[in-house]
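> I am sharing start33.pdb, which consists of PDB, C-alpha atoms:
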```pdb
ATOM      1  CA  MET A   1      13.145  16.199   7.753  1.00  0.00           C
ATOM      2  CA  MET A   2      13.123  19.850   8.730  1.00  0.00           C
ATOM      3  CA  ILE A   3      16.857  19.948   9.368  1.00  0.00           C
ATOM      4  CA  PRO A   4      17.843  21.206   5.861  1.00  0.00           C
ATOM      5  CA  VAL A   5      15.400  24.078   6.210  1.00  0.00           C
ATOM      6  CA  LEU A   6      16.982  24.999   9.533  1.00  0.00           C
ATOM      7  CA  ALA A   7      20.459  24.785   8.007  1.00  0.00           C
ATOM      8  CA  THR A   8      19.473  26.970   5.063  1.00  0.00           C
ATOM      9  CA  PHE A   9      17.880  29.637   7.178  1.00  0.00           C
ATOM     10  CA  ALA A  10      20.437  29.490   9.980  1.00  0.00           C
ATOM     11  CA  GLY A  11      21.351  33.145   9.942  1.00  0.00           C
ATOM     12  CA  ALA A  12      17.999  34.513   8.855  1.00  0.00           C
ATOM     13  CA  PRO A  13      16.282  36.937  11.246  1.00  0.00           C
ATOM     14  CA  PHE A  14      12.784  35.628  10.531  1.00  0.00           C
ATOM     15  CA  ALA A  15      11.238  32.543  12.034  1.00  0.00           C
ATOM     16  CA  VAL A  16      11.624  29.234  10.270  1.00  0.00           C
ATOM     17  CA  PRO A  17       8.258  27.876   9.123  1.00  0.00           C
ATOM     18  CA  ASP A  18       7.363  24.800  11.093  1.00  0.00           C
ATOM     19  CA  SER A  19       5.766  23.066   8.118  1.00  0.00           C
ATOM     20  CA  PRO A  20       7.589  22.717   4.784  1.00  0.00           C
ATOM     21  CA  VAL A  21       4.319  23.007   2.898  1.00  0.00           C
ATOM     22  CA  THR A  22       3.492  26.506   4.073  1.00  0.00           C
ATOM     23  CA  ASP A  23       5.977  28.245   1.752  1.00  0.00           C
ATOM     24  CA  ALA A  24       3.412  28.599  -1.041  1.00  0.00           C
ATOM     25  CA  THR A  25       3.533  31.921  -2.820  1.00  0.00           C
ATOM     26  CA  THR A  26       0.220  32.254  -4.657  1.00  0.00           C
ATOM     27  CA  PRO A  27      -3.253  31.178  -3.501  1.00  0.00           C
ATOM     28  CA  LEU A  28      -3.332  28.566  -6.255  1.00  0.00           C
ATOM     29  CA  ASP A  29      -0.188  26.972  -4.869  1.00  0.00           C
ATOM     30  CA  ALA A  30      -1.667  26.964  -1.386  1.00  0.00           C
ATOM     31  CA  TRP A  31      -4.848  25.307  -2.641  1.00  0.00           C
ATOM     32  CA  LEU A  32      -2.885  22.687  -4.590  1.00  0.00           C
ATOM     33  CA  ASP A  33      -0.765  21.871  -1.540  1.00  0.00           C
ATOM     34  CA  ALA A  34      -3.867  21.553   0.620  1.00  0.00           C
ATOM     35  CA  ALA A  35      -5.464  19.266  -1.981  1.00  0.00           C
ATOM     36  CA  ALA A  36      -2.299  17.146  -2.016  1.00  0.00           C
ATOM     37  CA  LEU A  37      -2.427  16.813   1.765  1.00  0.00           C
ATOM     38  CA  VAL A  38      -6.091  15.791   1.640  1.00  0.00           C
ATOM     39  CA  LEU A  39      -5.281  13.173  -1.020  1.00  0.00           C
ATOM     40  CA  ILE A  40      -2.439  11.832   1.139  1.00  0.00           C
ATOM     41  CA  LEU A  41      -4.825  11.609   4.080  1.00  0.00           C
ATOM     42  CA  LEU A  42      -7.309   9.665   1.940  1.00  0.00           C
ATOM     43  CA  GLY A  43      -4.552   7.256   0.878  1.00  0.00           C
ATOM     44  CA  ALA A  44      -3.508   6.811   4.496  1.00  0.00           C
ATOM     45  CA  LEU A  45      -7.121   6.107   5.454  1.00  0.00           C
ATOM     46  CA  LEU A  46      -7.260   3.429   2.735  1.00  0.00           C
ATOM     47  CA  CYS A  47      -4.122   1.835   4.238  1.00  0.00           C
ATOM     48  CA  LEU A  48      -5.833   1.924   7.642  1.00  0.00           C
ATOM     49  CA  THR A  49      -8.961   0.353   6.142  1.00  0.00           C
ATOM     50  CA  ALA A  50      -6.876  -2.474   4.715  1.00  0.00           C
ATOM     51  CA  ALA A  51      -5.190  -3.036   8.071  1.00  0.00           C
ATOM     52  CA  ILE A  52      -8.520  -3.141   9.914  1.00  0.00           C
ATOM     53  CA  GLY A  53      -9.881  -5.530   7.286  1.00  0.00           C
ATOM     54  CA  LEU A  54      -6.840  -7.761   7.700  1.00  0.00           C
ATOM     55  CA  LEU A  55      -7.518  -7.965  11.412  1.00  0.00           C
ATOM     56  CA  ARG A  56     -11.291  -8.340  11.307  1.00  0.00           C
ATOM     57  CA  PHE A  57     -11.934 -10.730   8.423  1.00  0.00           C
ATOM     58  CA  ARG A  58     -11.853 -14.475   8.887  1.00  0.00           C
ATOM     59  CA  ASP A  59     -10.141 -16.272   6.009  1.00  0.00           C
ATOM     60  CA  VAL A  60      -7.581 -15.573   3.323  1.00  0.00           C
ATOM     61  CA  PRO A  61      -9.840 -14.489   0.395  1.00  0.00           C
ATOM     62  CA  THR A  62     -11.743 -11.937   2.472  1.00  0.00           C
ATOM     63  CA  ARG A  63      -8.469 -10.582   3.844  1.00  0.00           C
ATOM     64  CA  LEU A  64      -7.207 -10.432   0.268  1.00  0.00           C
ATOM     65  CA  HIS A  65     -10.301  -8.451  -0.652  1.00  0.00           C
ATOM     66  CA  ALA A  66      -9.460  -5.896   2.029  1.00  0.00           C
ATOM     67  CA  ALA A  67      -5.764  -5.910   1.174  1.00  0.00           C
ATOM     68  CA  THR A  68      -6.053  -5.028  -2.497  1.00  0.00           C
ATOM     69  CA  LYS A  69      -7.785  -1.700  -1.860  1.00  0.00           C
ATOM     70  CA  PRO A  70      -4.721   0.430  -0.995  1.00  0.00           C
ATOM     71  CA  GLN A  71      -2.580  -1.420  -3.529  1.00  0.00           C
ATOM     72  CA  VAL A  72      -4.388   0.255  -6.417  1.00  0.00           C
ATOM     73  CA  LEU A  73      -6.624   3.078  -5.187  1.00  0.00           C
ATOM     74  CA  GLY A  74      -4.403   4.258  -2.350  1.00  0.00           C
ATOM     75  CA  LEU A  75      -1.344   4.343  -4.572  1.00  0.00           C
ATOM     76  CA  ILE A  76      -3.278   6.251  -7.256  1.00  0.00           C
ATOM     77  CA  LEU A  77      -4.299   8.838  -4.628  1.00  0.00           C
ATOM     78  CA  ILE A  78      -0.716   9.157  -3.351  1.00  0.00           C
ATOM     79  CA  CYS A  79       0.639   9.545  -6.900  1.00  0.00           C
ATOM     80  CA  LEU A  80      -1.993  12.222  -7.612  1.00  0.00           C
ATOM     81  CA  ALA A  81      -0.802  13.977  -4.472  1.00  0.00           C
ATOM     82  CA  ILE A  82       2.804  13.796  -5.665  1.00  0.00           C
ATOM     83  CA  ALA A  83       1.856  15.262  -9.035  1.00  0.00           C
ATOM     84  CA  LEU A  84      -0.214  18.031  -7.411  1.00  0.00           C
ATOM     85  CA  SER A  85       2.482  18.871  -4.893  1.00  0.00           C
ATOM     86  CA  LEU A  86       5.494  18.914  -7.212  1.00  0.00           C
ATOM     87  CA  ARG A  87       3.705  20.380 -10.270  1.00  0.00           C
ATOM     88  CA  SER A  88       6.173  19.354 -12.973  1.00  0.00           C
ATOM     89  CA  TRP A  89       5.589  17.229 -16.055  1.00  0.00           C
ATOM     90  CA  PRO A  90       8.703  14.976 -15.667  1.00  0.00           C
ATOM     91  CA  VAL A  91       7.386  13.901 -12.269  1.00  0.00           C
ATOM     92  CA  VAL A  92       4.027  13.063 -13.855  1.00  0.00           C
ATOM     93  CA  ALA A  93       5.819  11.091 -16.563  1.00  0.00           C
ATOM     94  CA  PHE A  94       7.633   9.172 -13.813  1.00  0.00           C
ATOM     95  CA  VAL A  95       4.572   8.569 -11.662  1.00  0.00           C
ATOM     96  CA  VAL A  96       2.277   7.268 -14.431  1.00  0.00           C
ATOM     97  CA  PRO A  97       4.421   4.116 -15.071  1.00  0.00           C
ATOM     98  CA  VAL A  98       4.442   3.457 -11.319  1.00  0.00           C
ATOM     99  CA  VAL A  99       0.637   3.396 -11.300  1.00  0.00           C
ATOM    100  CA  LEU A 100       0.465   1.329 -14.504  1.00  0.00           C
ATOM    101  CA  ILE A 101       2.962  -1.256 -13.223  1.00  0.00           C
ATOM    102  CA  GLN A 102       1.093  -1.496  -9.940  1.00  0.00           C
ATOM    103  CA  LEU A 103      -2.197  -1.935 -11.817  1.00  0.00           C
ATOM    104  CA  ALA A 104      -0.595  -4.752 -13.809  1.00  0.00           C
ATOM    105  CA  THR A 105       1.078  -6.631 -10.968  1.00  0.00           C
ATOM    106  CA  ALA A 106      -1.434  -6.333  -8.115  1.00  0.00           C
ATOM    107  CA  PRO A 107      -4.001  -8.730  -9.702  1.00  0.00           C
ATOM    108  CA  LEU A 108      -1.206 -11.243 -10.400  1.00  0.00           C
ATOM    109  CA  SER A 109      -0.271 -11.686  -6.762  1.00  0.00           C
ATOM    110  CA  ALA A 110      -3.903 -11.539  -5.632  1.00  0.00           C
ATOM    111  CA  HIS A 111      -4.871 -14.258  -8.125  1.00  0.00           C
ATOM    112  CA  MET A 112      -2.003 -16.530  -7.109  1.00  0.00           C
ATOM    113  CA  VAL A 113      -2.654 -16.099  -3.390  1.00  0.00           C
ATOM    114  CA  GLY A 114      -6.401 -16.635  -3.805  1.00  0.00           C
ATOM    115  CA  ARG A 115      -5.978 -19.785  -5.906  1.00  0.00           C
ATOM    116  CA  GLN A 116      -3.462 -21.192  -3.453  1.00  0.00           C
ATOM    117  CA  ALA A 117      -5.752 -20.347  -0.541  1.00  0.00           C
ATOM    118  CA  TYR A 118      -8.514 -22.366  -2.190  1.00  0.00           C
ATOM    119  CA  ARG A 119      -6.265 -25.382  -2.719  1.00  0.00           C
ATOM    120  CA  ASN A 120      -4.718 -24.982   0.700  1.00  0.00           C
ATOM    121  CA  GLY A 121      -7.918 -25.210   2.681  1.00  0.00           C
ATOM    122  CA  THR A 122      -7.520 -21.763   4.251  1.00  0.00           C
ATOM    123  CA  ILE A 123     -11.004 -20.790   3.100  1.00  0.00           C
ATOM    124  CA  GLU A 124     -14.412 -21.140   4.674  1.00  0.00           C
ATOM    125  CA  GLU A 125     -16.323 -23.632   2.559  1.00  0.00           C
ATOM    126  CA  ARG A 126     -19.680 -22.642   4.065  1.00  0.00           C
ATOM    127  CA  ALA A 127     -19.268 -19.035   2.956  1.00  0.00           C
ATOM    128  CA  LEU A 128     -19.024 -19.995  -0.708  1.00  0.00           C
ATOM    129  CA  ILE A 129     -22.167 -19.572  -2.807  1.00  0.00           C
ATOM    130  CA  VAL A 130     -20.723 -20.641  -6.158  1.00  0.00           C
ATOM    131  CA  ASP A 131     -17.744 -23.012  -6.216  1.00  0.00           C
ATOM    132  CA  GLU A 132     -16.390 -23.016  -9.749  1.00  0.00           C
ATOM    133  CA  LEU A 133     -13.140 -24.710  -8.774  1.00  0.00           C
ATOM    134  CA  ALA A 134     -14.720 -27.807  -7.242  1.00  0.00           C
ATOM    135  CA  GLU A 135     -14.008 -30.168 -10.145  1.00  0.00           C
ATOM    136  CA  SER A 136     -10.455 -28.909 -10.469  1.00  0.00           C
ATOM    137  CA  ARG A 137      -9.841 -29.958  -6.880  1.00  0.00           C
ATOM    138  CA  GLN A 138     -11.265 -33.426  -7.437  1.00  0.00           C
ATOM    139  CA  THR A 139      -8.957 -34.026 -10.382  1.00  0.00           C
ATOM    140  CA  PRO A 140      -5.927 -31.844  -9.754  1.00  0.00           C
ATOM    141  CA  PRO A 141      -4.144 -30.545 -12.838  1.00  0.00           C
ATOM    142  CA  ALA A 142      -1.012 -32.350 -13.869  1.00  0.00           C
ATOM    143  CA  ALA A 143       1.154 -29.267 -13.493  1.00  0.00           C
ATOM    144  CA  GLY A 144       0.618 -29.200  -9.744  1.00  0.00           C
ATOM    145  CA  GLY A 145       0.563 -25.963  -7.919  1.00  0.00           C
TER     146      GLY A 145
ATOM    147  CA  MET G 146      -2.227  22.383   8.030  1.00  0.00           C
ATOM    148  CA  ASN G 147      -0.306  20.869  10.935  1.00  0.00           C
ATOM    149  CA  ILE G 148      -3.425  19.077  12.152  1.00  0.00           C
ATOM    150  CA  LEU G 149      -3.655  17.427   8.736  1.00  0.00           C
ATOM    151  CA  LEU G 150       0.009  16.373   8.857  1.00  0.00           C
ATOM    152  CA  THR G 151      -0.418  14.935  12.348  1.00  0.00           C
ATOM    153  CA  ALA G 152      -3.512  13.022  11.241  1.00  0.00           C
ATOM    154  CA  ILE G 153      -1.577  11.601   8.281  1.00  0.00           C
ATOM    155  CA  TYR G 154       1.275  10.440  10.530  1.00  0.00           C
ATOM    156  CA  ILE G 155      -1.075   8.845  13.067  1.00  0.00           C
ATOM    157  CA  VAL G 156      -3.141   7.037  10.423  1.00  0.00           C
ATOM    158  CA  PHE G 157      -0.052   5.648   8.675  1.00  0.00           C
ATOM    159  CA  GLY G 158       1.442   4.524  11.991  1.00  0.00           C
ATOM    160  CA  VAL G 159      -1.728   2.797  13.219  1.00  0.00           C
ATOM    161  CA  ALA G 160      -2.183   1.057   9.854  1.00  0.00           C
ATOM    162  CA  ALA G 161       1.412  -0.220   9.926  1.00  0.00           C
ATOM    163  CA  LEU G 162       1.057  -1.492  13.499  1.00  0.00           C
ATOM    164  CA  LEU G 163      -2.206  -3.323  12.736  1.00  0.00           C
ATOM    165  CA  THR G 164      -0.655  -4.922   9.640  1.00  0.00           C
ATOM    166  CA  LEU G 165       2.387  -5.984  11.666  1.00  0.00           C
ATOM    167  CA  TRP G 166       0.055  -7.553  14.217  1.00  0.00           C
ATOM    168  CA  ARG G 167      -1.584  -9.619  11.470  1.00  0.00           C
ATOM    169  CA  ILE G 168       1.877 -10.721  10.292  1.00  0.00           C
ATOM    170  CA  VAL G 169       2.697 -11.826  13.843  1.00  0.00           C
ATOM    171  CA  ILE G 170      -0.521 -13.709  14.614  1.00  0.00           C
ATOM    172  CA  GLY G 171      -1.455 -14.841  11.088  1.00  0.00           C
ATOM    173  CA  PRO G 172      -2.624 -18.447  11.281  1.00  0.00           C
ATOM    174  CA  SER G 173      -1.355 -19.531   7.874  1.00  0.00           C
ATOM    175  CA  ILE G 174       1.565 -18.413   5.745  1.00  0.00           C
ATOM    176  CA  LEU G 175      -0.830 -17.001   3.141  1.00  0.00           C
ATOM    177  CA  ASP G 176      -2.230 -14.578   5.727  1.00  0.00           C
ATOM    178  CA  ARG G 177       1.302 -13.427   6.407  1.00  0.00           C
ATOM    179  CA  ALA G 178       1.967 -13.080   2.669  1.00  0.00           C
ATOM    180  CA  VAL G 179      -1.131 -10.914   2.213  1.00  0.00           C
ATOM    181  CA  ALA G 180      -0.263  -8.802   5.252  1.00  0.00           C
ATOM    182  CA  SER G 181       3.338  -8.304   4.136  1.00  0.00           C
ATOM    183  CA  ASP G 182       2.038  -7.250   0.728  1.00  0.00           C
ATOM    184  CA  VAL G 183      -0.120  -4.631   2.456  1.00  0.00           C
ATOM    185  CA  LEU G 184       2.891  -3.497   4.486  1.00  0.00           C
ATOM    186  CA  LEU G 185       4.965  -3.121   1.310  1.00  0.00           C
ATOM    187  CA  THR G 186       2.168  -1.089  -0.287  1.00  0.00           C
ATOM    188  CA  GLU G 187       2.080   1.090   2.791  1.00  0.00           C
ATOM    189  CA  VAL G 188       5.837   1.641   2.541  1.00  0.00           C
ATOM    190  CA  MET G 189       5.240   2.843  -1.029  1.00  0.00           C
ATOM    191  CA  CYS G 190       2.465   5.155   0.152  1.00  0.00           C
ATOM    192  CA  VAL G 191       4.651   6.561   2.936  1.00  0.00           C
ATOM    193  CA  LEU G 192       7.533   7.204   0.514  1.00  0.00           C
ATOM    194  CA  GLY G 193       5.205   8.993  -1.897  1.00  0.00           C
ATOM    195  CA  ALA G 194       3.558  10.987   0.875  1.00  0.00           C
ATOM    196  CA  GLU G 195       6.958  12.069   2.202  1.00  0.00           C
ATOM    197  CA  MET G 196       7.937  13.196  -1.293  1.00  0.00           C
ATOM    198  CA  ALA G 197       4.710  15.161  -1.709  1.00  0.00           C
ATOM    199  CA  ILE G 198       4.947  16.764   1.743  1.00  0.00           C
ATOM    200  CA  ASN G 199       8.629  17.715   1.593  1.00  0.00           C
ATOM    201  CA  GLN G 200       8.515  18.451  -2.152  1.00  0.00           C
ATOM    202  CA  HIS G 201      11.507  16.530  -3.422  1.00  0.00           C
ATOM    203  CA  THR G 202      11.876  13.755  -6.022  1.00  0.00           C
ATOM    204  CA  ARG G 203      14.705  11.669  -4.581  1.00  0.00           C
ATOM    205  CA  THR G 204      12.677   8.532  -3.824  1.00  0.00           C
ATOM    206  CA  LEU G 205      10.783   8.308  -7.122  1.00  0.00           C
ATOM    207  CA  PRO G 206      13.077   5.486  -8.466  1.00  0.00           C
ATOM    208  CA  VAL G 207      12.543   3.552  -5.230  1.00  0.00           C
ATOM    209  CA  LEU G 208       8.797   3.837  -5.807  1.00  0.00           C
ATOM    210  CA  LEU G 209       9.162   2.506  -9.360  1.00  0.00           C
ATOM    211  CA  ILE G 210      11.337  -0.436  -8.299  1.00  0.00           C
ATOM    212  CA  ILE G 211       9.034  -1.442  -5.434  1.00  0.00           C
ATOM    213  CA  ALA G 212       6.021  -1.271  -7.755  1.00  0.00           C
ATOM    214  CA  ALA G 213       7.841  -3.455 -10.295  1.00  0.00           C
ATOM    215  CA  VAL G 214       9.211  -6.209  -8.048  1.00  0.00           C
ATOM    216  CA  GLY G 215       6.860  -6.029  -5.048  1.00  0.00           C
ATOM    217  CA  ALA G 216       4.405  -8.543  -6.463  1.00  0.00           C
ATOM    218  CA  PHE G 217       6.998 -11.287  -6.917  1.00  0.00           C
ATOM    219  CA  GLY G 218       7.247 -11.902  -3.178  1.00  0.00           C
ATOM    220  CA  SER G 219       3.675 -13.019  -2.625  1.00  0.00           C
ATOM    221  CA  ILE G 220       3.570 -14.735  -6.047  1.00  0.00           C
ATOM    222  CA  SER G 221       6.512 -16.952  -5.134  1.00  0.00           C
ATOM    223  CA  ILE G 222       5.140 -17.607  -1.648  1.00  0.00           C
ATOM    224  CA  ALA G 223       1.791 -18.637  -3.155  1.00  0.00           C
ATOM    225  CA  ARG G 224       3.529 -20.798  -5.744  1.00  0.00           C
ATOM    226  CA  PHE G 225       5.809 -22.732  -3.425  1.00  0.00           C
ATOM    227  CA  VAL G 226       3.734 -22.979  -0.259  1.00  0.00           C
ATOM    228  CA  ALA G 227       2.865 -26.502   0.822  1.00  0.00           C
ATOM    229  CA  ARG G 228      -0.449 -27.950  -0.287  1.00  0.00           C
ATOM    230  CA  LYS G 229      -1.708 -28.397   3.274  1.00  0.00           C
ATOM    231  CA  ASP G 230      -0.055 -26.345   5.962  1.00  0.00           C
ATOM    232  CA  ASN G 231      -2.909 -26.251   8.479  1.00  0.00           C
ATOM    233  CA  VAL G 232      -4.620 -29.603   8.495  1.00  0.00           C
ATOM    234  CA  ASP G 233      -5.986 -29.208  12.010  1.00  0.00           C
ATOM    235  CA  ARG G 234      -8.064 -26.166  11.184  1.00  0.00           C
TER     236      ARG G 234
END
```
As structure tokens, please, write out the structure in this file.


Amino acid sequence: MMIPVLATFAGAPFAVPDSPVTDATTPLDAWLDAAALVLILLGALLCLTAAIGLLRFRDVPTRLHAATKPQVLGLILICLAIALSLRSWPVVAFVVPVVLIQLATAPLSAHMVGRQAYRNGTIEERALIVDELAESRQTPPAAGG
Amino acid sequence: MNILLTAIYIVFGVAALLTLWRIVIGPSILDRAVASDVLLTEVMCVLGAEMAINQHTRTLPVLLIIAAVGAFGSISIARFVARKDNVDR
């Protein structure tokens, strides 16, 4: 990813900066870039948390609980980092629908997977405190599923 | 600044490897669906992080499309999976 920088500065006498982020001009730009990097690191740590949760938890609903963290919060952090790093309003207007669509579709898939995990038996019955779907399993709905 | 970039790369890589391991060993197909959903989300996060680090906007439409259609994969898996796929559990 640093090849275009090298190609642009091929004949320049000064050294090519090793990080593309370090070309900030004012202190405000430098602070905004650093904040964007910290936000990206937080999003990456949320992805790592979800991966560790996927490995450590026992059944499908608990894994789903760990998995839905980076889908919403991690993506919001990454989109904030994009907006802070690029600093233009068209990018913000492009990133806001991404976050809104993700907020709308992440509960859909989580709900479907959780409901199917309950019907499928891939759930620990002893871990349940309240079982609101018990009567729906005794008399399954006519639509199937 | 380079320490931060290296930390970001390492954390993303370890998270992707752990999620891939859950896809490989997942006992039921729903575990694999959840893990592949996490992997798709991480692909989105990596694309956005690359845009923010290198300061370009070329992969913004990819981000929008993945956010729009990414949920249909696990929805259709959850809809059409068999009623009992691990009876011996």

> Dump as a compact mmCIF listing (two decimals) with C-alpha atoms, keeping the file's coordinate frame the residues of chain A that approach chain G to within 8 Å, counting only C-alpha atoms.


```txt
# COMPACT_ATOMS: atom_id res chain seq x y z
CA MET A 1 13.14 16.20 7.75
CA SER A 19 5.77 23.07 8.12
CA PRO A 20 7.59 22.72 4.78
CA VAL A 21 4.32 23.01 2.90
CA ALA A 34 -3.87 21.55 0.62
CA ALA A 36 -2.30 17.15 -2.02
CA LEU A 37 -2.43 16.81 1.76
CA VAL A 38 -6.09 15.79 1.64
CA ILE A 40 -2.44 11.83 1.14
CA LEU A 41 -4.82 11.61 4.08
CA GLY A 43 -4.55 7.26 0.88
CA ALA A 44 -3.51 6.81 4.50
CA LEU A 45 -7.12 6.11 5.45
CA CYS A 47 -4.12 1.84 4.24
CA LEU A 48 -5.83 1.92 7.64
CA THR A 49 -8.96 0.35 6.14
CA ALA A 50 -6.88 -2.47 4.72
CA ALA A 51 -5.19 -3.04 8.07
CA ILE A 52 -8.52 -3.14 9.91
CA LEU A 54 -6.84 -7.76 7.70
CA LEU A 55 -7.52 -7.96 11.41
CA VAL A 60 -7.58 -15.57 3.32
CA ARG A 63 -8.47 -10.58 3.84
CA LEU A 64 -7.21 -10.43 0.27
CA ALA A 67 -5.76 -5.91 1.17
CA THR A 68 -6.05 -5.03 -2.50
CA PRO A 70 -4.72 0.43 -1.00
CA GLN A 71 -2.58 -1.42 -3.53
CA GLY A 74 -4.40 4.26 -2.35
CA LEU A 75 -1.34 4.34 -4.57
CA ILE A 78 -0.72 9.16 -3.35
CA CYS A 79 0.64 9.54 -6.90
CA ALA A 81 -0.80 13.98 -4.47
CA ILE A 82 2.80 13.80 -5.66
CA ALA A 83 1.86 15.26 -9.04
CA SER A 85 2.48 18.87 -4.89
CA LEU A 86 5.49 18.91 -7.21
CA VAL A 91 7.39 13.90 -12.27
CA PHE A 94 7.63 9.17 -13.81
CA VAL A 95 4.57 8.57 -11.66
CA PRO A 97 4.42 4.12 -15.07
CA VAL A 98 4.44 3.46 -11.32
CA VAL A 99 0.64 3.40 -11.30
CA ILE A 101 2.96 -1.26 -13.22
CA GLN A 102 1.09 -1.50 -9.94
CA THR A 105 1.08 -6.63 -10.97
CA ALA A 106 -1.43 -6.33 -8.12
CA LEU A 108 -1.21 -11.24 -10.40
CA SER A 109 -0.27 -11.69 -6.76
CA MET A 112 -2.00 -16.53 -7.11
CA VAL A 113 -2.65 -16.10 -3.39
CA GLN A 116 -3.46 -21.19 -3.45
CA ALA A 117 -5.75 -20.35 -0.54
CA ARG A 119 -6.26 -25.38 -2.72
CA ASN A 120 -4.72 -24.98 0.70
CA GLY A 121 -7.92 -25.21 2.68
CA THR A 122 -7.52 -21.76 4.25
CA GLY A 145 0.56 -25.96 -7.92
```

> Quick check, in Å to one decimal: how far apart do CA of Arg58 (chain A) and CA of Gly114 (chain A) lie?

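CA of Arg58 (chain A) sits 14.0 Å away from CA of Gly114 (chain A).
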
> Would you work out the distance separating CA of Ala134 (chain A) from CA of Arg115 (chain A), expressed in Å to one decimal?

11.9 Å

> How far is it from CA of Thr25 (chain A) to CA of Arg203 (chain G), in Å with one decimal?

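The value is 23.2 Å.
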
> From the list A:Ile123, A:Ala93, A:Leu39, A:Leu128, which residue is nearest Ile76 (chain A) when using all atoms listed in the file?

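Using all atoms listed in the file, the shortest distance to Ile76 (chain A) belongs to A:Leu39.
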
> Under the rule that only C-alpha atoms are counted, which of A:Leu42, A:Ser88, A:Pro61, A:Leu28 is the nearest residue to His111 (chain A)?

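Among A:Leu42, A:Ser88, A:Pro61, A:Leu28, it is A:Pro61 that comes nearest to His111 (chain A).
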
> Any chance you could work out the axis-aligned box around region 102-120 of chain A, listed atoms only, 3 Å on each side, giving centre and edge lengths in Å to one decimal, as lines of an AutoDock Vina configuration file?


```
center_x = -3.7
center_y = -13.4
center_z = -6.6
size_x = 15.6
size_y = 29.9
size_z = 20.5
```
